[in-house]
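**Q** First the structure, then my questions, so here it is.
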Amino acid sequence: MPRYTVHVRGEWLAVPCQDAQLTVGWLGREAVRRYIKNKPDNGGFASVDDVHFLVRRCKGLGLLDNGDRLEVALEDNEFVEVVIEGDAMSPDFIPSQPEGVYLYSKYREPEKYIDLDGDSLTTEDLVNLGKGHYKIKLTPTAEKRVQKSREVIDSIIEEKTVVYGITTGFGKFARTVIPINKLQELQVNLVRSHSSGVGKPLIPERCRMLLALRINVLAKGYSGISLETLKQVIEMFNASCLPYVPEKGTVGASGDLAPLSHLALGLIGEGKMWSPKSGWADAKYGLALINGTQMITSLGCEAIERASAIARQADIVAALTLEVLKGTTKAFDTDIHALRPHRGQIEVAFRFRSLLDSDHHPSEIAESHRFCDRVQDAYTLRCCPQVHGVVNDTIAFVKNIITIELNSATDNPMVFASRGETISGGNFHGEYPAKALDYLAIGIHELAAISERRIERLCNPSLSELPAFLVAEGGLNSGFMIAHCTAAALVSENKALCHPSSVDSLSTSAATEDHVSMGGWAARKALRVIEHVEQVLAIELLAACQGIEFLRPLKTTTPLEKVYDLVRSVVRPWIKDRFMAPDIEAAHRLLLEQKVWEVAAPYIEKYRMEHIPESRPLSPTAFSLKFLHKKSTKIPETEDL
């Protein structure tokens, strides 16, 4: 007999169906009938007949025809949602699917695996695991470490030894010894009581990152988890069966207790879980698990990778703006930067030289103003190596901290199998990633701050010698007037977001946890700052390309023409005003997918090869040939340049 799981106003109902000839409409009415039956006030309805509804799949949100037969429209045990007419218009209605549903339908089960050993995970690996590119398996060495660690725990329980968190309560209850026959109840109660987060759930990509990182830490063999349990967690990850983890609730001190508890709650069959087949559903249809800084660190990995991507593309966008504003390349001279040899500054200046007018890449635009009387450019152009450079160095510093954190044991207590004992410590404290991610937000924000000023120069005819707001028939058309306002608004919002969360601490758990890092907010706001930076640079990219329209038929350098062509492949020039938000989003997508970097990078690398030892690539953010081969991008031959 087929059965369907139906979501009605926040509740999941199992509805058996004895006759597959029945219709989708019958399923909706039966689900509503059961919903009304369970409500003291009948859910506000006099009868089922008063309810008007639509039925849709949870996966992909596809609407179903109420007249279709169930055997044709649905598979056995499929998850569907009844949307009651009027609910979607109510401000109190919370849809069962969180934001980002478009990401879910793209999931494809991966075929490749990443071996986790607790020691060698990188930020790139974790982001790829989050995107669903790989499954996970443990190395044999990791399995042995986990088994030996578990033997210590089993010995403690067998010998009835008093050990914090294993045979005692937690926090303020550390001195309360728990009877052996209640240890299982203790662990379940711990997960339930600590699952007290609020806010929107992490999107599947971020939940996969969180779960993968927790697996990596457990694989180190200092947590005491059983190998059987850990393998069950890995199986759930590989099936992309993901717990509902609210994004708010961690103070980042005794680990990310609330988020990791929600992670564990789904694994014991409670709360909600998401899978590609069901969408969000009760976990029952679908652990040494809740201590550590994995929430902060997993979001920090995404922040690092996105920051690295936008930082290197910011150099390309700024170079294009300098061309449009008829700036000089003299400020990027090798000898200038050799006298202040910060790695980031040297690398950024090198990128500018590789993209702008030179014997390699002559520019008709540059040639048109070669003998002008301008001595030097504004700081927003001239000082890009110094400003963008320190951002690159900031990213490198933060990446080092996050990489160490990725492969660190952050549990409490620690189980030392070689010594046959457990020791309580403080590795769970999130101060390292919290401080680092606050620093990252402050550093990366400067890319938006300086970009917004360049947008102003592009839009202001007294500074650019271009039409006001980069549009013909100004007055009738407003052009980039409000796009610049959007950039200014994002920069202003970033100023508030850049206030460090880690300077705050509130005592919790009856003063047992009397200093906390607030690292969860540090990670989440760092991602918001980075997104704003991406959006501001997307606006600058569009503005610079629009500026080129007014300099035609002159051409810029070959690599920058390639960037222009890329943008024009998704956004056409502005002849007159039009709906601009989709164009900004299209440019933002180019930056997110690193398309701007992909088209310019071969020219940068070709220039690098021909100017060694002049260039010193910045390892965390500089382009590598490995990246080229991975993206199957052809390095241009000399005649192409």
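Residues are referred to by chain and number: the chain letter is A, B, ... according to the order shown in the structure tokens, the number counts from 1 in that chain, and ligands are numbered separately from 1 in the order shown.
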Residues at most 7 Å from region 561-572 of chain A, counting only C-alpha atoms, excluding those fewer than 2 positions away in the same chain, as a list in words?

**A**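 My list of contacting residues is Cys545, Thr556, Thr557, Thr558, Pro559, Trp574, Asp583, Ala586, Ala587, Val596, Val599 and Ala600 of chain A.
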
**Q** Go ahead and save the residues from that selection, with N, CA and C atoms, as a PDB file, in the first residue's frame.

**A**
ATOM      1  N   CYS A 545      32.655  48.635 -18.390  1.00  0.00           N
ATOM      2  CA  CYS A 545      32.344  48.172 -19.746  1.00  0.00           C
ATOM      3  C   CYS A 545      31.460  49.174 -20.479  1.00  0.00           C
ATOM      4  N   THR A 556      41.006  48.564 -25.983  1.00  0.00           N
ATOM      5  CA  THR A 556      41.927  48.430 -24.858  1.00  0.00           C
ATOM      6  C   THR A 556      42.857  47.248 -25.133  1.00  0.00           C
ATOM      7  N   THR A 557      43.551  46.746 -24.127  1.00  0.00           N
ATOM      8  CA  THR A 557      44.482  45.636 -24.329  1.00  0.00           C
ATOM      9  C   THR A 557      43.728  44.335 -24.605  1.00  0.00           C
ATOM     10  N   THR A 558      44.418  43.358 -25.130  1.00  0.00           N
ATOM     11  CA  THR A 558      43.776  42.079 -25.466  1.00  0.00           C
ATOM     12  C   THR A 558      43.112  41.418 -24.260  1.00  0.00           C
ATOM     13  N   PRO A 559      43.798  41.287 -23.110  1.00  0.00           N
ATOM     14  CA  PRO A 559      43.118  40.636 -21.978  1.00  0.00           C
ATOM     15  C   PRO A 559      41.887  41.395 -21.502  1.00  0.00           C
ATOM     16  N   TRP A 574      24.011  49.717 -22.563  1.00  0.00           N
ATOM     17  CA  TRP A 574      22.844  50.554 -22.269  1.00  0.00           C
ATOM     18  C   TRP A 574      22.731  51.644 -23.343  1.00  0.00           C
ATOM     19  N   ASP A 583      20.860  42.725 -14.694  1.00  0.00           N
ATOM     20  CA  ASP A 583      22.207  42.881 -15.240  1.00  0.00           C
ATOM     21  C   ASP A 583      23.256  42.833 -14.133  1.00  0.00           C
ATOM     22  N   ALA A 586      23.634  39.292 -13.158  1.00  0.00           N
ATOM     23  CA  ALA A 586      24.397  38.525 -14.163  1.00  0.00           C
ATOM     24  C   ALA A 586      25.892  38.769 -14.004  1.00  0.00           C
ATOM     25  N   ALA A 587      26.272  40.029 -13.771  1.00  0.00           N
ATOM     26  CA  ALA A 587      27.689  40.341 -13.557  1.00  0.00           C
ATOM     27  C   ALA A 587      28.190  39.729 -12.252  1.00  0.00           C
ATOM     28  N   VAL A 596      35.516  35.958 -14.861  1.00  0.00           N
ATOM     29  CA  VAL A 596      36.389  37.097 -15.175  1.00  0.00           C
ATOM     30  C   VAL A 596      37.848  36.687 -14.995  1.00  0.00           C
ATOM     31  N   VAL A 599      39.112  34.248 -17.912  1.00  0.00           N
ATOM     32  CA  VAL A 599      39.476  34.791 -19.228  1.00  0.00           C
ATOM     33  C   VAL A 599      40.758  35.617 -19.177  1.00  0.00           C
ATOM     34  N   ALA A 600      41.059  36.230 -18.036  1.00  0.00           N
ATOM     35  CA  ALA A 600      42.256  37.074 -17.939  1.00  0.00           C
ATOM     36  C   ALA A 600      43.483  36.311 -17.458  1.00  0.00           C
TER      37      ALA A 600
END

**Q** What residues in region 463-533 of chain A get the DSSP label helix (DSSP H, G or I)? Please answer as a ChimeraX atom specification.

**A** /A:463-464,468-470,481-497,501-503,519-533

**Q** For Leu490 (chain A), which of A:Val529, A:Ala14, A:Ile114, A:Val375 is the closest residue, counting only C-alpha atoms?

**A** A:Val529

**Q** Choose the residue, out of A:Leu437, A:Leu470, A:Val162, A:Leu299, that has the smallest atom-to-atom separation from Ala544 (chain A); count only C-alpha atoms.

**A** A:Leu470

**Q** Near Val471 (chain A), within 8 Å and counting only C-alpha atoms, which residues show up once chain neighbours fewer than 6 positions away are dropped, as a PyMOL selection string?

**A** chain A and resi 477-480+574-576

**Q** Do you know which residues are at most 9 Å from Ile304 (chain A) counting only C-alpha atoms, after dropping those on the same chain fewer than 4 positions away, and could you put them as a count of residues only?

**A** 12

**Q** Near Lys220 (chain A), counting only C-alpha atoms, which residues have an atom at most 10 Å away, once you skip same-chain residues fewer than 6 positions from it, shown as a PyMOL selection string?

**A** chain A and resi 116-119+141-146+149+407-409

**Q** Which one of A:His133, A:His445, A:Arg175, A:Lys330 sits closest to Leu356 (chain A) if you count only C-alpha atoms?

**A**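 The shortest atom-to-atom distance to Leu356 (chain A) comes from A:Lys330.
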
**Q** Could you check the closest approach to Leu541 (chain A) for each of A:Cys485, A:Ala318, A:Val80, A:Asp514 and tell me which residue wins, using only C-alpha atoms?

**A**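 Checking each candidate against Leu541 (chain A), we get A:Ala318 as the closest.
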
**Q** Can you work out which one of A:Pro201, A:Gly389, A:Gly547, A:Gly62 has the shortest atom-to-atom distance to Ile346 (chain A), counting only C-alpha atoms?

**A**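 Ranked by minimum distance to Ile346 (chain A), first place goes to A:Gly389.
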
**Q** What's the separation between CA of Pro204 (chain A) and CA of Ser240 (chain A), in Å to one decimal place?

**A**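 That distance, rounded to one decimal, is 8.4 Å.
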
**Q** Determine which residues of region 127-345 of chain A receive a DSSP assignment of strand (DSSP E), computed from the backbone, and state them as JSON, numbers by chain.

**A** {"A": [135, 136, 137, 138, 198, 199, 200, 201, 242, 243, 246, 247, 248, 272, 273, 274, 275, 279, 280, 281, 282]}

**Q** Do you know which residues are at most 12 Å from Tyr439 (chain A) counting only C-alpha atoms, after dropping those on the same chain fewer than 5 positions away, and could you put them as an NGL selection string?

**A** :A and (300 or 303-304 or 390-391 or 393-399 or 401 or 432-434 or 444-446 or 497-503 or 519 or 522-523 or 525-526 or 529)

**Q** Which residues are close to Tyr113 (chain A), i.e. within 6 Å by only C-alpha atoms, leaving aside same-chain residues fewer than 3 positions away? Reply as a list in words.

**A** Tyr134, Lys135 and Ile136 of chain A

**Q** Would you put the residues from that selection into a file with C-alpha atoms, as a PDB file, in the first residue's frame?

**A**
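Writing the result to out_26.pdb gives the following:
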ATOM      1  CA  TYR A 134      32.637  14.338  -3.609  1.00  0.00           C
ATOM      2  CA  LYS A 135      31.630  11.615  -1.192  1.00  0.00           C
ATOM      3  CA  ILE A 136      33.688  10.813   1.910  1.00  0.00           C
TER       4      ILE A 136
END

**Q** Quick one: pull the distance between CA of Arg3 (chain A) and CA of Leu74 (chain A), Å, one decimal.

**A** 10.3 Å

**Q** Using only C-alpha atoms, which residue out of A:Leu227, A:Leu381, A:Ile203, A:Ile604 lies closest to Val245 (chain A)?

**A** A:Ile203

**Q** One number please: CA of Ser517 (chain A) to CA of Thr410 (chain A), in Å, one decimal.

**A**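 If I compute the distance from CA of Ser517 (chain A) to CA of Thr410 (chain A), I get 14.3 Å.
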